[in-house]
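Note: the block below is data-v8.cif and it holds mmCIF, C-alpha atoms and all ligand atoms.
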data_final
loop_
_atom_site.group_PDB
_atom_site.id
_atom_site.type_symbol
_atom_site.label_atom_id
_atom_site.label_comp_id
_atom_site.auth_asym_id
_atom_site.auth_seq_id
_atom_site.Cartn_x
_atom_site.Cartn_y
_atom_site.Cartn_z
ATOM 1 C CA MET A 1 -5.195 -38.286 1.038
ATOM 2 C CA SER A 2 -6.621 -34.844 1.735
ATOM 3 C CA ARG A 3 -5.287 -32.796 4.622
ATOM 4 C CA ILE A 4 -7.117 -33.169 7.902
ATOM 5 C CA VAL A 5 -7.791 -29.863 9.652
ATOM 6 C CA TYR A 6 -9.297 -29.046 13.036
ATOM 7 C CA VAL A 7 -12.373 -26.811 13.341
ATOM 8 C CA ASP A 8 -14.188 -26.299 16.642
ATOM 9 C CA GLY A 9 -13.728 -29.734 18.113
ATOM 10 C CA ALA A 10 -13.779 -31.782 14.912
ATOM 11 C CA TYR A 11 -11.047 -33.271 12.716
ATOM 12 C CA VAL A 12 -12.286 -33.017 9.134
ATOM 13 C CA PRO A 13 -10.898 -33.196 5.575
ATOM 14 C CA GLU A 14 -10.005 -29.646 4.485
ATOM 15 C CA GLU A 15 -12.753 -29.568 1.846
ATOM 16 C CA ASP A 16 -15.379 -30.183 4.533
ATOM 17 C CA ALA A 17 -14.124 -27.486 6.941
ATOM 18 C CA ARG A 18 -16.589 -24.609 7.444
ATOM 19 C CA VAL A 19 -16.530 -21.273 9.295
ATOM 20 C CA SER A 20 -19.469 -18.818 9.273
ATOM 21 C CA VAL A 21 -19.442 -15.797 6.912
ATOM 22 C CA PHE A 22 -20.266 -13.788 10.061
ATOM 23 C CA ASP A 23 -17.140 -14.946 11.872
ATOM 24 C CA ARG A 24 -15.408 -11.888 13.334
ATOM 25 C CA GLY A 25 -12.063 -13.189 12.118
ATOM 26 C CA PHE A 26 -13.399 -12.866 8.562
ATOM 27 C CA LEU A 27 -15.258 -9.556 9.030
ATOM 28 C CA PHE A 28 -13.010 -7.656 11.480
ATOM 29 C CA ALA A 29 -9.664 -9.522 11.611
ATOM 30 C CA ASP A 30 -10.794 -10.059 15.219
ATOM 31 C CA GLY A 31 -8.539 -12.994 15.908
ATOM 32 C CA VAL A 32 -5.113 -14.111 17.014
ATOM 33 C CA TYR A 33 -2.843 -16.846 15.734
ATOM 34 C CA GLU A 34 0.298 -18.860 16.320
ATOM 35 C CA VAL A 35 2.629 -20.791 14.043
ATOM 36 C CA THR A 36 4.638 -23.636 15.541
ATOM 37 C CA SER A 37 7.273 -25.444 13.538
ATOM 38 C CA VAL A 38 7.653 -29.201 13.326
ATOM 39 C CA LEU A 39 10.999 -30.956 12.961
ATOM 40 C CA GLY A 40 11.313 -34.723 12.973
ATOM 41 C CA GLY A 41 7.561 -34.940 13.625
ATOM 42 C CA LYS A 42 7.888 -32.980 16.881
ATOM 43 C CA LEU A 43 6.821 -29.490 17.942
ATOM 44 C CA ILE A 44 9.423 -26.776 18.438
ATOM 45 C CA ASP A 45 8.938 -24.475 21.450
ATOM 46 C CA PHE A 46 5.257 -25.351 21.957
ATOM 47 C CA GLY A 47 5.361 -23.944 25.497
ATOM 48 C CA GLY A 48 6.451 -20.518 24.247
ATOM 49 C CA HIS A 49 3.760 -20.383 21.568
ATOM 50 C CA ALA A 50 1.040 -21.494 24.009
ATOM 51 C CA ALA A 51 2.121 -18.845 26.537
ATOM 52 C CA ARG A 52 2.109 -16.083 23.895
ATOM 53 C CA LEU A 53 -1.314 -17.236 22.658
ATOM 54 C CA GLU A 54 -2.722 -16.926 26.181
ATOM 55 C CA ARG A 55 -1.248 -13.435 26.439
ATOM 56 C CA SER A 56 -2.647 -12.332 23.028
ATOM 57 C CA LEU A 57 -6.087 -13.662 23.989
ATOM 58 C CA GLY A 58 -5.940 -11.943 27.387
ATOM 59 C CA GLU A 59 -4.988 -8.575 25.868
ATOM 60 C CA LEU A 60 -8.104 -8.748 23.659
ATOM 61 C CA ASP A 61 -10.489 -10.198 26.278
ATOM 62 C CA MET A 62 -10.946 -13.237 24.128
ATOM 63 C CA ALA A 63 -11.533 -16.766 25.381
ATOM 64 C CA CYS A 64 -9.893 -19.950 24.159
ATOM 65 C CA PRO A 65 -12.366 -22.823 23.856
ATOM 66 C CA VAL A 66 -9.793 -25.438 24.964
ATOM 67 C CA THR A 67 -7.025 -25.679 27.572
ATOM 68 C CA MET A 68 -3.358 -25.413 26.599
ATOM 69 C CA ASP A 69 -2.971 -29.150 27.319
ATOM 70 C CA GLU A 70 -5.816 -29.925 24.939
ATOM 71 C CA LEU A 71 -4.196 -27.613 22.406
ATOM 72 C CA LEU A 72 -0.987 -29.631 22.613
ATOM 73 C CA GLY A 73 -3.020 -32.797 21.995
ATOM 74 C CA ILE A 74 -4.661 -31.238 18.917
ATOM 75 C CA HIS A 75 -1.270 -30.144 17.529
ATOM 76 C CA ARG A 76 0.124 -33.651 17.997
ATOM 77 C CA GLU A 77 -2.921 -35.344 16.486
ATOM 78 C CA LEU A 78 -2.776 -33.135 13.365
ATOM 79 C CA VAL A 79 0.958 -33.801 12.962
ATOM 80 C CA ARG A 80 0.265 -37.532 13.308
ATOM 81 C CA VAL A 81 -2.718 -37.859 10.954
ATOM 82 C CA ASN A 82 -1.147 -35.639 8.308
ATOM 83 C CA GLU A 83 2.212 -37.400 8.664
ATOM 84 C CA ILE A 84 4.159 -34.164 9.065
ATOM 85 C CA ASP A 85 7.898 -34.674 9.397
ATOM 86 C CA GLU A 86 8.990 -31.082 8.707
ATOM 87 C CA GLY A 87 6.528 -28.232 8.474
ATOM 88 C CA LEU A 88 4.250 -25.969 10.449
ATOM 89 C CA VAL A 89 1.092 -26.045 12.530
ATOM 90 C CA TYR A 90 -1.058 -22.927 12.110
ATOM 91 C CA LEU A 91 -3.560 -22.070 14.845
ATOM 92 C CA GLN A 92 -6.174 -19.324 14.840
ATOM 93 C CA VAL A 93 -8.669 -18.253 17.491
ATOM 94 C CA THR A 94 -11.303 -15.692 16.539
ATOM 95 C CA ARG A 95 -14.070 -14.065 18.557
ATOM 96 C CA GLY A 96 -16.563 -16.280 16.742
ATOM 97 C CA SER A 97 -19.787 -15.461 14.956
ATOM 98 C CA ALA A 98 -22.637 -13.532 16.536
ATOM 99 C CA GLY A 99 -24.735 -14.283 13.429
ATOM 100 C CA ASP A 100 -24.575 -10.704 12.119
ATOM 101 C CA ARG A 101 -22.152 -7.812 11.603
ATOM 102 C CA GLU A 102 -21.871 -5.515 14.641
ATOM 103 C CA PHE A 103 -18.750 -3.689 15.829
ATOM 104 C CA GLU A 104 -19.333 -4.388 19.528
ATOM 105 C CA PHE A 105 -17.860 -7.594 20.887
ATOM 106 C CA PRO A 106 -20.517 -10.253 21.521
ATOM 107 C CA ASP A 107 -20.838 -11.669 25.044
ATOM 108 C CA PRO A 108 -18.478 -14.686 25.181
ATOM 109 C CA ALA A 109 -21.153 -16.506 27.222
ATOM 110 C CA ASP A 110 -23.412 -16.403 24.131
ATOM 111 C CA VAL A 111 -20.830 -16.621 21.357
ATOM 112 C CA PRO A 112 -17.987 -19.137 21.592
ATOM 113 C CA SER A 113 -14.627 -18.401 19.982
ATOM 114 C CA THR A 114 -13.773 -20.182 16.755
ATOM 115 C CA LEU A 115 -10.701 -22.421 16.893
ATOM 116 C CA VAL A 116 -9.049 -23.576 13.680
ATOM 117 C CA LEU A 117 -5.776 -25.447 13.211
ATOM 118 C CA PHE A 118 -4.131 -26.847 10.106
ATOM 119 C CA THR A 119 -0.745 -28.244 9.151
ATOM 120 C CA GLN A 120 1.581 -27.227 6.332
ATOM 121 C CA SER A 121 3.995 -29.916 5.199
ATOM 122 C CA LYS A 122 7.378 -28.404 4.282
ATOM 123 C CA PRO A 123 9.946 -31.087 3.590
ATOM 124 C CA GLY A 124 13.435 -29.574 3.732
ATOM 125 C CA LEU A 125 12.365 -26.695 6.007
ATOM 126 C CA ALA A 126 15.495 -26.962 8.151
ATOM 127 C CA ASP A 127 17.803 -27.480 5.187
ATOM 128 C CA SER A 128 16.520 -24.453 3.285
ATOM 129 C CA PRO A 129 18.564 -23.359 0.229
ATOM 130 C CA LYS A 130 17.650 -19.755 1.111
ATOM 131 C CA ALA A 131 19.525 -20.056 4.402
ATOM 132 C CA LYS A 132 22.679 -20.997 2.480
ATOM 133 C CA LYS A 133 22.400 -17.971 0.165
ATOM 134 C CA GLY A 134 20.829 -15.438 2.502
ATOM 135 C CA ILE A 135 17.909 -13.146 1.711
ATOM 136 C CA LYS A 136 17.617 -9.585 0.393
ATOM 137 C CA VAL A 137 15.440 -7.026 2.150
ATOM 138 C CA ILE A 138 14.142 -3.544 1.391
ATOM 139 C CA SER A 139 12.971 -0.971 3.930
ATOM 140 C CA ILE A 140 9.404 0.325 4.031
ATOM 141 C CA PRO A 141 7.555 2.592 6.480
ATOM 142 C CA ASP A 142 5.891 0.812 9.393
ATOM 143 C CA ILE A 143 2.248 1.880 9.200
ATOM 144 C CA ARG A 144 0.766 -0.909 11.345
ATOM 145 C CA TRP A 145 -1.294 -0.314 14.506
ATOM 146 C CA GLY A 146 0.424 0.248 17.854
ATOM 147 C CA ARG A 147 -0.149 -3.172 19.479
ATOM 148 C CA ARG A 148 2.233 -5.311 17.456
ATOM 149 C CA ASP A 149 2.994 -7.308 20.595
ATOM 150 C CA ILE A 150 -0.416 -8.971 20.133
ATOM 151 C CA LYS A 151 -0.257 -11.606 17.408
ATOM 152 C CA THR A 152 -3.426 -10.658 15.534
ATOM 153 C CA VAL A 153 -4.473 -11.841 12.076
ATOM 154 C CA GLN A 154 -4.323 -8.255 10.734
ATOM 155 C CA LEU A 155 -1.683 -9.186 8.183
ATOM 156 C CA LEU A 156 -2.660 -7.074 5.181
ATOM 157 C CA TYR A 157 0.209 -4.607 5.492
ATOM 158 C CA PRO A 158 2.835 -7.315 6.047
ATOM 159 C CA SER A 159 1.480 -8.990 2.877
ATOM 160 C CA VAL A 160 1.671 -5.691 0.984
ATOM 161 C CA GLY A 161 5.222 -5.265 2.296
ATOM 162 C CA LYS A 162 6.254 -8.656 0.989
ATOM 163 C CA MET A 163 4.773 -7.770 -2.429
ATOM 164 C CA MET A 164 6.718 -4.478 -2.441
ATOM 165 C CA ALA A 165 9.894 -6.481 -1.767
ATOM 166 C CA LYS A 166 9.065 -9.005 -4.465
ATOM 167 C CA LYS A 167 8.537 -6.213 -7.000
ATOM 168 C CA GLU A 168 12.097 -5.068 -6.302
ATOM 169 C CA GLY A 169 13.503 -8.578 -6.700
ATOM 170 C CA CYS A 170 13.923 -8.973 -2.926
ATOM 171 C CA ASP A 171 12.632 -11.453 -0.374
ATOM 172 C CA ASP A 172 11.256 -9.381 2.462
ATOM 173 C CA ALA A 173 10.882 -5.908 3.942
ATOM 174 C CA TRP A 174 12.111 -4.361 7.192
ATOM 175 C CA MET A 175 9.735 -1.785 8.582
ATOM 176 C CA ILE A 176 10.877 1.639 9.757
ATOM 177 C CA GLU A 177 9.280 3.860 12.380
ATOM 178 C CA ASP A 178 10.756 7.125 13.695
ATOM 179 C CA GLY A 179 13.918 6.369 11.744
ATOM 180 C CA HIS A 180 14.450 2.967 13.363
ATOM 181 C CA VAL A 181 13.822 -0.590 12.224
ATOM 182 C CA THR A 182 10.926 -2.216 14.080
ATOM 183 C CA GLU A 183 10.948 -5.732 12.573
ATOM 184 C CA GLY A 184 10.560 -7.714 9.357
ATOM 185 C CA THR A 185 7.090 -8.317 7.887
ATOM 186 C CA SER A 186 6.935 -11.705 9.640
ATOM 187 C CA ASN A 187 10.146 -11.936 11.649
ATOM 188 C CA ASN A 188 12.388 -10.146 14.138
ATOM 189 C CA ALA A 189 15.388 -8.240 12.747
ATOM 190 C CA TYR A 190 19.026 -8.255 13.895
ATOM 191 C CA ILE A 191 22.322 -6.730 12.825
ATOM 192 C CA VAL A 192 25.850 -7.721 13.810
ATOM 193 C CA LYS A 193 28.665 -5.195 14.354
ATOM 194 C CA GLY A 194 32.028 -6.688 15.156
ATOM 195 C CA ARG A 195 30.866 -9.660 17.243
ATOM 196 C CA LYS A 196 27.963 -7.770 18.834
ATOM 197 C CA ILE A 197 24.372 -8.764 18.040
ATOM 198 C CA ILE A 198 21.971 -5.812 18.022
ATOM 199 C CA THR A 199 18.180 -6.285 18.012
ATOM 200 C CA ARG A 200 15.299 -4.029 18.981
ATOM 201 C CA HIS A 201 14.237 -4.164 22.636
ATOM 202 C CA LEU A 202 10.822 -5.611 23.513
ATOM 203 C CA SER A 203 7.848 -3.211 23.698
ATOM 204 C CA ASN A 204 4.399 -2.886 22.103
ATOM 205 C CA ASP A 205 6.186 -1.898 18.875
ATOM 206 C CA ILE A 206 7.190 -5.442 17.905
ATOM 207 C CA LEU A 207 6.045 -9.016 18.260
ATOM 208 C CA HIS A 208 7.850 -10.772 21.083
ATOM 209 C CA GLY A 209 9.216 -13.561 18.907
ATOM 210 C CA ILE A 210 9.413 -17.011 20.430
ATOM 211 C CA THR A 211 12.396 -17.741 18.203
ATOM 212 C CA ARG A 212 13.939 -14.413 19.272
ATOM 213 C CA ALA A 213 13.779 -15.432 22.937
ATOM 214 C CA ALA A 214 15.330 -18.844 22.227
ATOM 215 C CA VAL A 215 18.053 -17.465 19.951
ATOM 216 C CA LEU A 216 19.071 -14.712 22.394
ATOM 217 C CA HIS A 217 19.203 -17.278 25.204
ATOM 218 C CA LEU A 218 21.443 -19.547 23.136
ATOM 219 C CA ALA A 219 23.621 -16.620 22.029
ATOM 220 C CA ARG A 220 24.159 -15.622 25.677
ATOM 221 C CA GLU A 221 25.039 -19.211 26.576
ATOM 222 C CA ALA A 222 27.593 -19.143 23.737
ATOM 223 C CA GLN A 223 29.113 -15.976 25.305
ATOM 224 C CA MET A 224 28.028 -13.768 22.411
ATOM 225 C CA GLU A 225 27.531 -10.081 23.165
ATOM 226 C CA ILE A 226 23.960 -8.769 22.783
ATOM 227 C CA GLU A 227 22.585 -5.247 22.745
ATOM 228 C CA GLU A 228 18.792 -4.874 22.806
ATOM 229 C CA ARG A 229 18.095 -1.446 21.306
ATOM 230 C CA ALA A 230 16.575 0.184 18.254
ATOM 231 C CA PHE A 231 18.879 0.631 15.241
ATOM 232 C CA THR A 232 18.568 2.728 12.085
ATOM 233 C CA ILE A 233 18.476 1.433 8.527
ATOM 234 C CA ASP A 234 21.784 3.255 7.845
ATOM 235 C CA GLU A 235 23.370 1.354 10.717
ATOM 236 C CA ALA A 236 21.972 -1.850 9.272
ATOM 237 C CA MET A 237 23.330 -1.104 5.793
ATOM 238 C CA ALA A 238 26.779 -0.547 7.301
ATOM 239 C CA ALA A 239 26.622 -3.670 9.520
ATOM 240 C CA ASP A 240 28.941 -6.654 9.151
ATOM 241 C CA GLU A 241 25.998 -9.001 8.900
ATOM 242 C CA ALA A 242 22.272 -9.226 9.520
ATOM 243 C CA PHE A 243 19.626 -11.860 10.025
ATOM 244 C CA VAL A 244 15.986 -12.445 10.913
ATOM 245 C CA THR A 245 14.304 -15.017 13.151
ATOM 246 C CA SER A 246 10.862 -16.640 13.091
ATOM 247 C CA ALA A 247 9.262 -20.008 13.787
ATOM 248 C CA SER A 248 9.035 -20.752 10.067
ATOM 249 C CA THR A 249 12.537 -19.631 9.022
ATOM 250 C CA PHE A 250 14.479 -20.216 12.283
ATOM 251 C CA VAL A 251 17.581 -18.002 11.835
ATOM 252 C CA MET A 252 17.736 -16.617 8.287
ATOM 253 C CA PRO A 253 20.800 -14.630 7.148
ATOM 254 C CA VAL A 254 20.237 -11.292 5.381
ATOM 255 C CA VAL A 255 22.870 -10.405 2.768
ATOM 256 C CA GLU A 256 21.480 -7.229 1.204
ATOM 257 C CA ILE A 257 19.562 -4.233 2.598
ATOM 258 C CA ASP A 258 18.114 -1.580 0.256
ATOM 259 C CA GLY A 259 20.572 -2.646 -2.454
ATOM 260 C CA GLU A 260 23.614 -2.460 -0.161
ATOM 261 C CA THR A 261 25.560 -5.734 0.084
ATOM 262 C CA LEU A 262 26.587 -6.742 3.600
ATOM 263 C CA GLY A 263 30.123 -8.084 4.003
ATOM 264 C CA ASP A 264 31.005 -10.322 1.059
ATOM 265 C CA GLY A 265 27.339 -10.940 0.213
ATOM 266 C CA THR A 266 27.199 -14.389 1.783
ATOM 267 C CA PRO A 267 25.679 -15.421 5.149
ATOM 268 C CA GLY A 268 27.852 -14.186 8.000
ATOM 269 C CA PRO A 269 29.498 -16.399 10.646
ATOM 270 C CA VAL A 270 27.319 -15.225 13.548
ATOM 271 C CA ALA A 271 24.018 -15.877 11.723
ATOM 272 C CA SER A 272 25.257 -19.215 10.381
ATOM 273 C CA ARG A 273 26.451 -20.369 13.793
ATOM 274 C CA LEU A 274 23.218 -19.260 15.502
ATOM 275 C CA ARG A 275 21.154 -21.136 12.926
ATOM 276 C CA GLU A 276 23.187 -24.273 13.588
ATOM 277 C CA ILE A 277 22.911 -24.006 17.381
ATOM 278 C CA TYR A 278 19.217 -23.118 17.249
ATOM 279 C CA LEU A 279 18.313 -26.099 15.044
ATOM 280 C CA GLU A 280 20.425 -28.455 17.139
ATOM 281 C CA GLU A 281 18.939 -27.328 20.463
ATOM 282 C CA SER A 282 15.378 -27.126 19.092
ATOM 283 C CA ARG A 283 15.508 -30.708 17.871
ATOM 284 C CA LYS A 284 16.735 -31.784 21.308
ATOM 285 C CA SER A 285 13.939 -30.049 23.199
ATOM 286 C CA ALA A 286 11.115 -30.715 20.669
ATOM 287 C CA ILE A 287 8.044 -32.458 22.081
HETATM 288 N N1 LIG B 301 7.496 -10.365 14.063
HETATM 289 C C1 LIG B 301 6.406 -10.528 13.298
HETATM 290 C C2 LIG B 301 5.688 -9.321 12.800
HETATM 291 C C3 LIG B 301 5.961 -11.819 12.969
HETATM 292 O O1 LIG B 301 4.850 -11.981 12.211
HETATM 293 C C4 LIG B 301 6.688 -12.949 13.430
HETATM 294 C C5 LIG B 301 6.279 -14.342 13.057
HETATM 295 N N2 LIG B 301 4.995 -14.664 13.424
HETATM 296 C C6 LIG B 301 7.823 -12.728 14.228
HETATM 297 C C7 LIG B 301 8.187 -11.429 14.523
HETATM 298 C C8 LIG B 301 8.615 -13.880 14.768
HETATM 299 O O2 LIG B 301 7.949 -14.532 15.811
HETATM 300 P P1 LIG B 301 8.196 -16.060 16.126
HETATM 301 O O3 LIG B 301 9.674 -16.226 16.329
HETATM 302 O O4 LIG B 301 7.443 -16.301 17.366
HETATM 303 O O5 LIG B 301 7.704 -16.834 14.949
#
Spit out the file's structure as structure tokens when you get a sec.
Amino acid sequence: MSRIVYVDGAYVPEEDARVSVFDRGFLFADGVYEVTSVLGGKLIDFGGHAARLERSLGELDMACPVTMDELLGIHRELVRVNEIDEGLVYLQVTRGSAGDREFEFPDPADVPSTLVLFTQSKPGLADSPKAKKGIKVISIPDIRWGRRDIKTVQLLYPSVGKMMAKKEGCDDAWMIEDGHVTEGTSNNAYIVKGRKIITRHLSNDILHGITRAAVLHLAREAQMEIEERAFTIDEAMAADEAFVTSASTFVMPVVEIDGETLGDGTPGPVASRLREIYLEESRKSAI
């Protein structure tokens, strides 16, 4: 059975899905996206992803062709028809196609946004072997634009960053600006000193992770100490443990930074416990 995807109101087999060559997502990376995870056939934190999508769209004066309720229905229908037990739903809204290439935004009254969604089946997502071993990261300069709080599809540099990490036998890269870590290429970054969790404060410099919000909430409920501030890569290399969070990796322990092993080189107790709590609570509140 081929995967069924959603394009502008229609559910179609992936090989029949079409978007114009003039689509501004394709020509200008003029689009925003969301990734929502699926566990046990249910959506994790859909409300958070829908709210962030509305904010991203608003910041770019872009319209969404459907309501958030309809969006929930589309997510659920794709999970159902593609029989997703564990995996992801990817959603992208672009400013559509004005039928030519012009820098100026087209009038949304004339040009509707393009809406595309597809599923990615990932059996074993929650029970990832990587989470048991931990990942290795390198640091790279953060040369992205200044509105990283908007979840745009401009992902070339994060892709380049991941390739730089891969070349060094590592899994991911943490990006550095003005001497401080901003975030991972596709995740928020944390270090642990003693029992204190340190992660960069929210601003336009980083994406406001939906998983970050949930994990910090759960950590506070578990009486863990949290400091939201920028930290340097040297501080990170000297930390007791480190981890990243994202919708597709949940809480992922980091065991090596720029060749420096953290602790005994295995996932630390804080990251491991947070992963456990996060998965448990997410399954409970999934819709
Ligand atoms: N930062 C960046 C740059 C990301 O791409 C992502 C994942 N989309 C995150 C953080 C984590 O966000 P979330 O927890 O909402 O997946």
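CA of Ala271 in chain A sits 19.1 Å away from CA of Gly124 in chain A.
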Could you check how far CA of Asp8 in chain A sits from CA of Glu54 in chain A, in Å to one decimal? 17.6 Å
Residues within 6 Å of ligand LIG 301 (chain B), counting all atoms listed in the file: report them as a PyMOL selection string. chain A and resi 183+185-188+207+209-212+245-247
Using all atoms listed in the file, tabulate the residues of range 170-226 of chain A lying at most 7 Å from any atom of range 145-152 of chain A, each with its closest atom pair and that distance in Å to one decimal, by chain and increasing residue number, as a tab-separated table.
residue	atom	partner	partner_atom	distance
A:Asn204	CA	A:Asp149	CA	4.9
A:Asp205	CA	A:Arg148	CA	5.4
A:Ile206	CA	A:Arg148	CA	5.0
A:Leu207	CA	A:Asp149	CA	4.2
A:His208	CA	A:Asp149	CA	6.0
Could you write out as a compact mmCIF listing (two decimals) with C-alpha atoms, in the frame of the given file the residues that the PyMOL selection byres (((chain A and resi 238-241) around 12) and not hetatm) matches in the shown file?
# COMPACT_ATOMS: atom_id res chain seq x y z
CA GLY A 134 20.83 -15.44 2.50
CA ILE A 135 17.91 -13.15 1.71
CA LYS A 136 17.62 -9.59 0.39
CA ALA A 189 15.39 -8.24 12.75
CA TYR A 190 19.03 -8.26 13.90
CA ILE A 191 22.32 -6.73 12.82
CA VAL A 192 25.85 -7.72 13.81
CA LYS A 193 28.66 -5.20 14.35
CA GLY A 194 32.03 -6.69 15.16
CA ARG A 195 30.87 -9.66 17.24
CA LYS A 196 27.96 -7.77 18.83
CA ILE A 197 24.37 -8.76 18.04
CA ILE A 198 21.97 -5.81 18.02
CA PHE A 231 18.88 0.63 15.24
CA THR A 232 18.57 2.73 12.08
CA ILE A 233 18.48 1.43 8.53
CA ASP A 234 21.78 3.26 7.84
CA GLU A 235 23.37 1.35 10.72
CA ALA A 236 21.97 -1.85 9.27
CA MET A 237 23.33 -1.10 5.79
CA ALA A 242 22.27 -9.23 9.52
CA PHE A 243 19.63 -11.86 10.02
CA VAL A 244 15.99 -12.44 10.91
CA MET A 252 17.74 -16.62 8.29
CA PRO A 253 20.80 -14.63 7.15
CA VAL A 254 20.24 -11.29 5.38
CA VAL A 255 22.87 -10.40 2.77
CA GLU A 256 21.48 -7.23 1.20
CA ILE A 257 19.56 -4.23 2.60
CA ASP A 258 18.11 -1.58 0.26
CA GLY A 259 20.57 -2.65 -2.45
CA GLU A 260 23.61 -2.46 -0.16
CA THR A 261 25.56 -5.73 0.08
CA LEU A 262 26.59 -6.74 3.60
CA GLY A 263 30.12 -8.08 4.00
CA ASP A 264 31.00 -10.32 1.06
CA GLY A 265 27.34 -10.94 0.21
CA THR A 266 27.20 -14.39 1.78
CA PRO A 267 25.68 -15.42 5.15
CA GLY A 268 27.85 -14.19 8.00
CA PRO A 269 29.50 -16.40 10.65
CA VAL A 270 27.32 -15.22 13.55
CA ALA A 271 24.02 -15.88 11.72
CA SER A 272 25.26 -19.22 10.38
Go through A:Arg3, A:Lys130, A:Lys167, A:Lys42 and flag the residue nearest Thr249 in chain A, using all atoms listed in the file for the distances. A:Lys130
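Take the candidates A:Ile4, A:Ile176, A:Leu53, A:Met68 and check each one against Thr119 in chain A using all atoms listed in the file; the shortest distance goes to A:Ile4.
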